[in-house]
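Raw entry.cif, mmCIF, C-alpha atoms and all ligand atoms:
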data_entry
loop_
_atom_site.label_atom_id
_atom_site.label_comp_id
_atom_site.auth_asym_id
_atom_site.auth_seq_id
_atom_site.Cartn_x
_atom_site.Cartn_y
_atom_site.Cartn_z
CA ILE A 1 -81.92 -35.50 25.94
CA GLN A 2 -82.95 -37.19 29.18
CA ARG A 3 -82.14 -40.38 31.07
CA THR A 4 -84.42 -42.66 33.03
CA PHE A 5 -83.98 -45.80 35.06
CA SER A 6 -85.75 -49.07 34.24
CA ILE A 7 -86.07 -52.48 35.86
CA ILE A 8 -87.26 -55.59 34.01
CA LYS A 9 -88.85 -57.38 36.97
CA PRO A 10 -88.58 -61.10 37.97
CA ASP A 11 -91.96 -62.10 36.48
CA ALA A 12 -90.62 -61.00 33.07
CA THR A 13 -87.08 -62.44 33.31
CA LYS A 14 -88.56 -65.79 34.45
CA ARG A 15 -90.79 -65.92 31.35
CA ASN A 16 -87.89 -65.03 29.01
CA LEU A 17 -89.42 -61.68 28.03
CA THR A 18 -86.28 -59.54 28.40
CA GLY A 19 -85.69 -59.18 24.66
CA LYS A 20 -89.31 -58.42 23.82
CA ILE A 21 -89.40 -55.70 26.48
CA ILE A 22 -86.10 -54.16 25.32
CA SER A 23 -87.50 -54.09 21.76
CA LYS A 24 -90.43 -52.00 23.01
CA PHE A 25 -87.98 -49.47 24.50
CA GLU A 26 -85.88 -49.31 21.33
CA ASP A 27 -88.91 -49.10 19.05
CA ALA A 28 -90.05 -46.07 21.08
CA GLY A 29 -86.72 -44.35 20.40
CA LEU A 30 -85.14 -45.06 23.78
CA ARG A 31 -81.47 -46.07 23.75
CA ILE A 32 -80.09 -48.61 26.25
CA VAL A 33 -76.98 -46.80 27.58
CA ALA A 34 -76.40 -49.17 30.53
CA SER A 35 -77.67 -52.66 31.33
CA LYS A 36 -76.99 -55.47 33.77
CA ARG A 37 -78.76 -58.57 35.02
CA ILE A 38 -78.56 -58.88 38.79
CA GLN A 39 -80.08 -60.75 41.71
CA MET A 40 -81.19 -58.00 44.11
CA THR A 41 -80.56 -58.54 47.81
CA ARG A 42 -83.37 -57.92 50.29
CA GLU A 43 -81.45 -54.88 51.59
CA GLN A 44 -81.18 -53.44 48.06
CA ALA A 45 -84.89 -53.99 47.33
CA GLU A 46 -85.92 -52.43 50.67
CA GLY A 47 -83.64 -49.46 50.02
CA PHE A 48 -84.78 -48.98 46.45
CA TYR A 49 -88.47 -49.04 47.43
CA ALA A 50 -88.02 -47.14 50.73
CA VAL A 51 -90.66 -44.56 49.63
CA HIS A 52 -93.26 -47.35 49.74
CA LYS A 53 -92.22 -48.57 53.23
CA GLU A 54 -95.55 -47.69 54.86
CA ARG A 55 -97.72 -49.11 52.06
CA PRO A 56 -99.60 -52.35 52.80
CA PHE A 57 -97.99 -54.12 49.82
CA PHE A 58 -94.37 -53.28 50.79
CA GLY A 59 -93.48 -56.76 52.09
CA GLU A 60 -95.04 -58.46 49.09
CA LEU A 61 -93.23 -56.05 46.74
CA VAL A 62 -89.81 -56.72 48.28
CA ASP A 63 -90.36 -60.51 48.30
CA PHE A 64 -91.35 -60.36 44.63
CA MET A 65 -88.42 -58.17 43.57
CA ILE A 66 -85.91 -60.66 45.06
CA SER A 67 -87.76 -63.76 43.78
CA GLY A 68 -85.50 -63.95 40.70
CA PRO A 69 -83.06 -61.95 38.60
CA VAL A 70 -83.90 -58.50 37.31
CA VAL A 71 -82.39 -56.44 34.48
CA VAL A 72 -81.56 -52.88 35.55
CA GLN A 73 -81.06 -50.37 32.75
CA VAL A 74 -80.51 -46.73 31.94
CA LEU A 75 -82.61 -45.53 28.99
CA GLU A 76 -81.76 -42.35 27.14
CA GLY A 77 -83.80 -40.26 24.72
CA GLU A 78 -85.98 -37.23 24.14
CA ASP A 79 -88.40 -37.04 27.12
CA ALA A 80 -87.15 -40.45 28.23
CA ILE A 81 -89.02 -40.47 31.57
CA ALA A 82 -92.47 -39.78 30.09
CA LYS A 83 -91.81 -41.88 27.00
CA ASN A 84 -90.78 -44.87 29.09
CA ARG A 85 -93.89 -44.57 31.28
CA GLU A 86 -95.99 -44.41 28.13
CA VAL A 87 -94.41 -47.60 26.78
CA MET A 88 -94.83 -49.30 30.20
CA GLY A 89 -98.54 -48.51 30.54
CA ALA A 90 -100.57 -48.15 33.74
CA THR A 91 -99.35 -49.80 36.98
CA ASN A 92 -102.37 -52.13 36.93
CA PRO A 93 -102.35 -54.06 33.63
CA GLU A 94 -106.16 -53.99 33.62
CA ASN A 95 -105.94 -50.23 33.11
CA ALA A 96 -103.02 -50.28 30.66
CA ASP A 97 -103.47 -49.21 27.03
CA ALA A 98 -103.19 -51.72 24.19
CA GLY A 99 -99.64 -52.25 22.97
CA THR A 100 -97.99 -51.28 26.26
CA ILE A 101 -95.58 -53.61 28.06
CA ARG A 102 -97.87 -54.06 31.05
CA LYS A 103 -100.93 -54.71 28.89
CA GLU A 104 -99.09 -57.36 26.89
CA PHE A 105 -96.98 -58.99 29.59
CA ALA A 106 -97.91 -58.05 33.18
CA LEU A 107 -99.56 -60.70 35.37
CA SER A 108 -101.06 -58.42 38.04
CA VAL A 109 -100.69 -55.00 39.68
CA GLY A 110 -97.77 -56.41 41.71
CA GLU A 111 -96.12 -58.63 39.10
CA ASN A 112 -96.19 -55.93 36.45
CA SER A 113 -93.01 -56.72 34.48
CA VAL A 114 -91.28 -53.31 34.59
CA HIS A 115 -90.36 -50.36 36.76
CA GLY A 116 -89.67 -46.88 35.41
CA SER A 117 -88.65 -43.66 37.18
CA ASP A 118 -91.45 -41.13 37.62
CA ALA A 119 -89.54 -37.79 37.71
CA PRO A 120 -86.09 -36.32 36.95
CA GLU A 121 -85.03 -36.35 40.64
CA THR A 122 -86.03 -39.98 41.18
CA ALA A 123 -84.43 -40.98 37.85
CA ALA A 124 -81.09 -39.49 38.95
CA GLU A 125 -81.30 -41.19 42.38
CA GLU A 126 -82.33 -44.55 40.96
CA ILE A 127 -79.58 -44.51 38.30
CA LYS A 128 -77.00 -43.77 41.02
CA PHE A 129 -78.41 -46.57 43.18
CA PHE A 130 -77.33 -49.21 40.61
CA PHE A 131 -74.76 -47.66 38.26
CA SER A 132 -71.49 -45.75 38.45
CA ASP A 133 -70.84 -43.05 35.82
CA ASP A 134 -68.33 -45.22 33.91
CA GLU A 135 -70.94 -47.95 33.38
CA ILE A 136 -73.16 -45.61 31.35
CA VAL A 137 -72.01 -45.17 27.75
P1 LIG A 201 -92.96 -48.58 39.34
O1 LIG A 201 -92.59 -47.64 40.47
O2 LIG A 201 -92.60 -50.03 39.62
O3 LIG A 201 -92.49 -48.12 38.02
P2 LIG A 201 -95.54 -47.39 39.34
O4 LIG A 201 -94.83 -46.10 39.52
O5 LIG A 201 -96.47 -47.54 38.19
O6 LIG A 201 -94.54 -48.60 39.23
P3 LIG A 201 -96.01 -47.36 42.19
O7 LIG A 201 -97.24 -46.78 42.73
O8 LIG A 201 -94.74 -46.59 42.28
O9 LIG A 201 -96.30 -47.78 40.68
O10 LIG A 201 -95.81 -48.78 42.88
C1 LIG A 201 -94.56 -49.42 42.83
C2 LIG A 201 -94.76 -50.90 42.58
O11 LIG A 201 -95.39 -51.47 43.70
C3 LIG A 201 -95.67 -51.23 41.40
O12 LIG A 201 -95.02 -51.25 40.16
C4 LIG A 201 -96.14 -52.63 41.78
O13 LIG A 201 -95.17 -53.61 41.45
C5 LIG A 201 -96.26 -52.54 43.29
N1 LIG A 201 -97.63 -52.20 43.66
C6 LIG A 201 -98.26 -51.01 43.54
N2 LIG A 201 -99.53 -51.07 43.98
C7 LIG A 201 -99.71 -52.35 44.41
C8 LIG A 201 -100.81 -53.06 44.98
N3 LIG A 201 -101.98 -52.47 45.21
N4 LIG A 201 -100.63 -54.36 45.30
C9 LIG A 201 -99.43 -54.98 45.08
N5 LIG A 201 -98.36 -54.36 44.55
C10 LIG A 201 -98.50 -53.07 44.21
MG MG A 202 -93.29 -45.73 40.99
#

Write the structure described by the file as structure tokens, please.
Amino acid sequence: IQRTFSIIKPDATKRNLTGKIISKFEDAGLRIVASKRIQMTREQAEGFYAVHKERPFFGELVDFMISGPVVVQVLEGEDAIAKNREVMGATNPENADAGTIRKEFALSVGENSVHGSDAPETAAEEIKFFFSDDEIV
């Protein structure tokens, strides 16, 4: 059993898609073991996306991530990291498979509705960034 970290991004919370996205996770066999809706600060968003600091879209990404509330979650299940990325679909919705979250809901490569950890190390770091152990049950 594995855990991964997920963010439902501002483009999705603004359009009232939180429930539909959570259903996709649950239908794929992922269990929501922690969840909270927060307004990220600029400092949090910059820290969370620090690996992308040198990328040309960094400023745009941070502005977008603080443009409205997000829902941060811990998802648990067999192969949770890979399974979640499968359910999310490709970063660019134009390249995402049918039935994936990004194909159905994303607006663009930037406003792409969800984030999901890409490896066990990043999953552990990202979970710790937003949750204490006692918040995960
Ligand atoms: P995430 O890390 O959010 O799960 P990802 O791993 O599929 O997505 P990354 O390459 O890690 O994609 O990029 C992180 C985020 O930065 C993307 O989800 C997207 O919101 C934004 N992003 C990536 N590429 C671009 C781009 N070319 N223009 C604008 N924003 C981008
Ligand atoms: Mg990524």

Review point. Residues within 10 Å of ligand MG 202 (chain A) (only C-alpha atoms and all ligand atoms), as a list of chain:residue names?
Key: A:Tyr49, A:Val51, A:His52, A:Arg85, A:Thr91, A:His115, A:Gly116, A:Ser117, A:Asp118, A:Ala119, A:Thr122

Point to revise | Lys103 of chain A surroundings by all atoms listed in the file, 10 Å radius, close-in-sequence under 6 positions cut, as a PyMOL selection string | key: chain A and resi 87-97+112-113

Exercise for review: Provide the atom CA of Val137 of chain A to atom CA of Ser35 of chain A distance in Å, to one decimal place.
Suggested key: 10.0 Å

To box segment 102-114 of chain A, take all atoms listed in the file, fit an axis-aligned box, add 4 Å on each side, and give centre and edge lengths in Å to one decimal, as lines of an AutoDock Vina configuration file.
center_x = -96.2
center_y = -57.0
center_z = 34.3
size_x = 17.8
size_y = 15.4
size_z = 22.8

Point to revise | Residue nearest ligand LIG 201 (chain A) among A:Ile66, A:Ile22, A:Val109, A:Ile136 (counting only C-alpha atoms and all ligand atoms) | key: A:Val109

Review point. Within 10 Å of Phe105 of chain A, counting only C-alpha atoms, which residues qualify if same-chain residues fewer than 4 places away don't, as a ChimeraX atom specification?
Key: /A:11-12,15,17,20-21,88,93,99-101,111-114

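Nearest to Val33 of chain A of all the residues A:Asp134, A:Lys9, A:Phe64, A:Pro120 is A:Asp134, counting all atoms listed in the file.
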
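Distance annotation: of A:Met40, A:Leu75, A:Ala98, A:Ala106, the residue with the minimal separation from ligand LIG 201 (chain A) is A:Ala106; atom set is all atoms listed in the file.
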
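Every protein, DNA or RNA residue with an atom at most 7 Å from Gln73 of chain A, where all atoms listed in the file count and chain neighbours fewer than 4 positions away do not, is listed here: Phe5, Ser6, Ile7, Ile32, Ala34, Ser35 and Lys36 of chain A.
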
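Taking atom N4 of ligand LIG 201 (chain A) and atom CA of Leu61 of chain A as the two end points, the separation is 7.7 Å.
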
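Atom pair atom CA of Asn16 of chain A / atom N1 of ligand LIG 201 (chain A): separated by 21.8 Å.
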
Point to revise | Top pick for closest residue to Phe131 of chain A, considering A:Glu54, A:Asp63, A:Glu46, A:Val72 and counting all atoms listed in the file | key: A:Val72

Exercise for review: Using all atoms listed in the file, pick whichever of A:Ala124, A:Ile38, A:Ala82, A:Met65 has the shortest atom-to-atom distance to ligand LIG 201 (chain A).
Suggested key: A:Met65

Near Thr13 of chain A, within 9 Å and counting all atoms listed in the file, which residues show up once chain neighbours fewer than 5 positions away are dropped, as a compact mmCIF listing (two decimals) with C-alpha atoms, keeping the file's coordinate frame?
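Okay, this is what ended up in around_5.txt:
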# COMPACT_ATOMS: atom_id res chain seq x y z
CA ILE A 8 -87.26 -55.59 34.01
CA THR A 18 -86.28 -59.54 28.40
CA GLY A 68 -85.50 -63.95 40.70
CA PRO A 69 -83.06 -61.95 38.60
CA VAL A 70 -83.90 -58.50 37.31
CA VAL A 71 -82.39 -56.44 34.48
CA SER A 113 -93.01 -56.72 34.48
